[in-house]
Number of protein chains: 2
Amino acid sequence: MTKESNSQQRPKPVTMRDVAKMADVSQSTVSRVLNRSASSVPIGESTRLKVLEAVEKLGYHPNLHAGSLRGQKTRLIAMMIADIANPFYQAMARAVQDVAHARRYDVLVVNSDHLAENEQLFCESMIRRPVDGIIAVPYHLTTDDLDDLIVRTGVSVAVLGQHICHPQIDTVGCNDEDATCDTVRWLIEAKGHKRIGFVGVKQAFPPGKRRYAAFVRAMQEAQLPIPPEYIKIGDWQVESGQRAMCELLALAEPPTAVFVCNDQMAIGALLKAQERGLRVPEDVAIVGFDDIPAASWVRPNLTTVAQYPTKIGTQLAQAVFERIDGIAVGERRLFHVSCRLIKRESA
Amino acid sequence: MTKESNSQQRPKPVTMRDVAKMADVSQSTVSRVLNRSASSVPIGESTRLKVLEAVEKLGYHPNLHAGSLRGQKTRLIAMMIADIANPFYQAMARAVQDVAHARRYDVLVVNSDHLAENEQLFCESMIRRPVDGIIAVPYHLTTDDLDDLIVRTGVSVAVLGQHICHPQIDTVGCNDEDATCDTVRWLIEAKGHKRIGFVGVKQAFPPGKRRYAAFVRAMQEAQLPIPPEYIKIGDWQVESGQRAMCELLALAEPPTAVFVCNDQMAIGALLKAQERGLRVPEDVAIVGFDDIPAASWVRPNLTTVAQYPTKIGTQLAQAVFERIDGIAVGERRLFHVSCRLIKRESA
DNA sequence: CGATTTACCGCATACGATTGCATAAATTTA
DNA sequence: TAAATTTATGCAATCGTATGCGGTAAATCG
């Protein structure tokens with residue numbers, strides 16, 4: 001098409017110097033016209049117009065890499081989440097992107113897959129390519145890891161997860177522990193369940209740990225036993241929920257209700273129970289966590305603890321941009337996006 | 001925590017000069033040690049070790065912005081999709097990210113929301129911050145728009161969508177038109193449907209246009225009428241599927257089968273039909289498109305034309321990296337990832 | 001009318017890394 | 001032993017932009 005564009009050799013881009021030449025001014029004048037920022041030198045109206053005209057005529061666009069090198073803003077933020085394939089993170093990612101794009105920032109999206117190794121790689125990437133802001137859902141990273149990043153690159157950071165406590169890192173937390181506890185109590189008191197199973201994830205994951213602790217608390221309060229075989233470990237995916245339910249149903253005395261740590265696993269559990277011919281919630285009640293869209297698509301609808309990833313993402317993005325813009329400078333801010341039980345049909 | 005890290009002023013990063021000073025060599029020597037790549041100048045073993053030691057001791061990481069400015073690789077690719085909240089794109093995004101991260105490339109993710117304006121903004125962004133590669137699902141962008149991008153920045157591009165035809169842009173296409181046609185024929189011939197509705201999207205969208213054309217073809221072949229009120233326009237979202245089904249069911253003589261252009265809308269239609277007390281597929285059959293995970297979570301399972309976003313994403317990413325690496329240099333390559341009907345319960 | 005302020009603009013340098021060219025030392029060859 | 005190579009390293013320009021500082025002309029002042 002059109003010209004013979006040779007992709008091997010990077011073409012010469014239109015630079016400020018080209019604009020300067022055409023407008024017959026110096027390159028620095030072009031720069032000043034384009035970012036007629038505060039306190040700088042004033043620019044004559046006629047030159048301003050000459051420059052603007054040349055910019056238009058040449059189709060000039062400033063090179064962001066150059067600005068980044070000069071130590072200006074990079075107009076780039078990075079977001080580290082566990083897995084973009086998870087509807088929870090996907091909604092969060094979308095919210096963050098919306099806030100960022102509205103300010104003409106680009107967003108780097110990185111999946112950690114809950115792997116410590118990937119989280120470290122992420123940090124390294126951020127040192128290699130400094131960005132203005134970082135939004136992360138760390139599972140393994142410590143406060144010190146993030147501090148190192150801040151000290152080295154001066155980046156602004158906001159995270160989801162209460163286990164990070166750093167004077168310059170804004171944090172969004174949720175009351176998932178209380179919500180879990182309340183939900184289990186409700187299963188016991190309002191629904192009369194006594195044999196309750198739990199499908200969680202590895203204790204290495206802060207939310208997994210918290211929710212398990214809350215589950216234990218509620219059960220102990222009610223003086224109910226927690227047989228070890230009622231506790232199953234999944235990996236957040238649908239299939240692991242199916243496996244867990246399989247094992248629970250194979251027990252001599254299966255639980256009458258199961259609390260599952262996220263909706264994907266809960267859906268897996270639900271499908272498996274139905275496949276085995278059980279009625280939900282009559283034979284076995286199921287509660288999930290997150291309230292992903294599919295939770296209200298399955299039959300019976302999933303009773304679940306709703307989280308609000310869009311709110312969380314928006315909050316994180318706003319927090320990080322406030323620090324980038326220097327609007328927020330002081331101490332760590334702790335935001336709260338609460339979750340709450342949505343009672344539907346599955347329990 | 002630890003030191004008093006001042007985020008207002010960007011801290012001085014560890015640079016090559018620092019390494020050079022510690023190793024007592026020139027900065028260019030450090031550079032050569034670090035990328036002893038090409039057949040460049042040889043380096044003495046003892047200096048090499050000195051430098052490496054200093055790198056280790058200082059925790060040096062090269063600054064990618066600097067390399068980008070010098071016209072080297074940016075180690076950055078961008079991906080423009082319609083909406084990361086759509087399971088189809090989300091799976092594609094994940095595949096692209098996996099390929100990219102394996103090569104230590106970062107990925108910029110941009111949502112167009114099917115809006116022409118956003119697609120243009122995306123192009124502008126890519127001019128401002130040149131990247132090595134672009135993977136896009138363009139709905140409004142023309143071949144010329146992309147050509148402009150290539151001419152100006154030398155970027156490598158791969159797209160999903162047959163309507164882009166450019167000598168340097170690798171393309172992934174699918175046979176959605178044939179698959180649609182075959183599916184409608186199957187509804188007619190194998191299932192005996194005569195009144196078939198269609199839930200599509202605006203004709204401005206190439207896939208919407210193609211699938212509608214295929215639907216018309218199949219119906220005309222079978223000499224079946226296509227009443228205008230059987231054709232509904234949605235926006236790819238669940239809610240629009242519900243609305244469309246609402247309208248179809250309100251007709252004096254509603255269709256006995258509905259072909260829906262994506263699974264999200266199909267699920268909306270399914271839920272609405274059930275809400276109205278209809279049995280699927282007995283009272284109304286529903287066919288979707290994409291085979292998103294939720295298609296097999298709903299009851300009845302969705303009969304749908306499966307696409308393979310992971311394959312598509314992987315293919316696009318590989319194609320673009322082959323161009324970036326100069327492995328592929330010649331003419332446009334056309335790849336094919338076919339889709340096929342998955343017969344389940346809803347039709 | 002000479003001196004000082006004001007308004008406007010250009011020169012030069014810096015950001016961090018790559019790379020062609022020059023150079024010094026070590027080695028080989030004639 | 002001198003000349004030609006080879007080997008190893010440094011110098012300096014460059015990428016595109018931002019900005020401190022200095023310079024020039026016009027405007028204002030005494």
# chains A, B, ... in the order shown; residues from 1 in each chain; ligands from 1

$ interface_residues --of "chain D" --to "chain B" --cutoff "8 Å" --atoms "only C-alpha atoms (C1' of nucleotides)" --output "PyMOL selection string"
chain D and resi 7-10+14-16

$ interface_residues --of "chain C" --to "chain B" --cutoff "12 Å" --atoms "only C-alpha atoms (C1' of nucleotides)" --output "PyMOL selection string"
chain C and resi 15-20

$ write_last_selection --atoms "C-alpha atoms (C1' of nucleotides)" --output "mmCIF file, in the first residue's frame"
data_model
loop_
_atom_site.group_PDB
_atom_site.id
_atom_site.type_symbol
_atom_site.label_atom_id
_atom_site.label_comp_id
_atom_site.auth_asym_id
_atom_site.auth_seq_id
_atom_site.Cartn_x
_atom_site.Cartn_y
_atom_site.Cartn_z
ATOM 1 C "C1'" DC C 15 18.987 12.192 30.773
ATOM 2 C "C1'" DG C 16 21.193 6.754 30.072
ATOM 3 C "C1'" DA C 17 22.659 3.807 26.806
ATOM 4 C "C1'" DT C 18 24.838 2.307 22.113
ATOM 5 C "C1'" DT C 19 28.411 2.342 18.698
ATOM 6 C "C1'" DG C 20 31.863 3.987 15.032
#

$ select_by_dssp --residues "region 16-197 of chain A" --states "strand (DSSP E)" --output "list in words"
Leu76, Ile77, Ala78, Met79, Met80, Ile81, Asp106, Val107, Leu108, Val109, Val110, Asn111, Gly133, Ile134, Ile135, Ala136, Ser156, Val157, Ala158, Val159, Leu160, Ile169, Asp170, Thr171, Val172, Gly173, Ile196 and Gly197 of chain A

$ interface_residues --of "chain A" --to "chain B" --cutoff "7 Å" --atoms "only C-alpha atoms" --output "PyMOL selection string"
chain A and resi 1+5+7+10-11+13+61-66+68-69+84-85+90-91+94+106-109+127-129+151-155+166+294+297-299

$ residues_around --residues "Leu334 (chain B)" --least-positions-apart "3" --cutoff "7 Å" --atoms "only C-alpha atoms (C1' of nucleotides)" --output "VMD selection string"
chain B and resid 170 to 172

$ write_last_selection --atoms "N, CA and C atoms" --output "compact mmCIF listing (two decimals), in the first residue's frame"
# COMPACT_ATOMS: atom_id res chain seq x y z
N ASP B 170 0.47 -9.02 9.16
CA ASP B 170 0.00 -10.39 9.23
C ASP B 170 -1.43 -10.40 9.79
N THR B 171 -2.20 -11.32 9.29
CA THR B 171 -3.61 -11.31 9.64
C THR B 171 -4.07 -12.69 10.09
N VAL B 172 -4.90 -12.70 11.10
CA VAL B 172 -5.54 -13.94 11.49
C VAL B 172 -7.01 -13.83 11.14

$ residues_around --residues "Val137 (chain A)" --least-positions-apart "2" --cutoff "8 Å" --atoms "only C-alpha atoms (C1' of nucleotides)" --output "number ranges by chain"
A: 80-82, 135, 139, 159-161
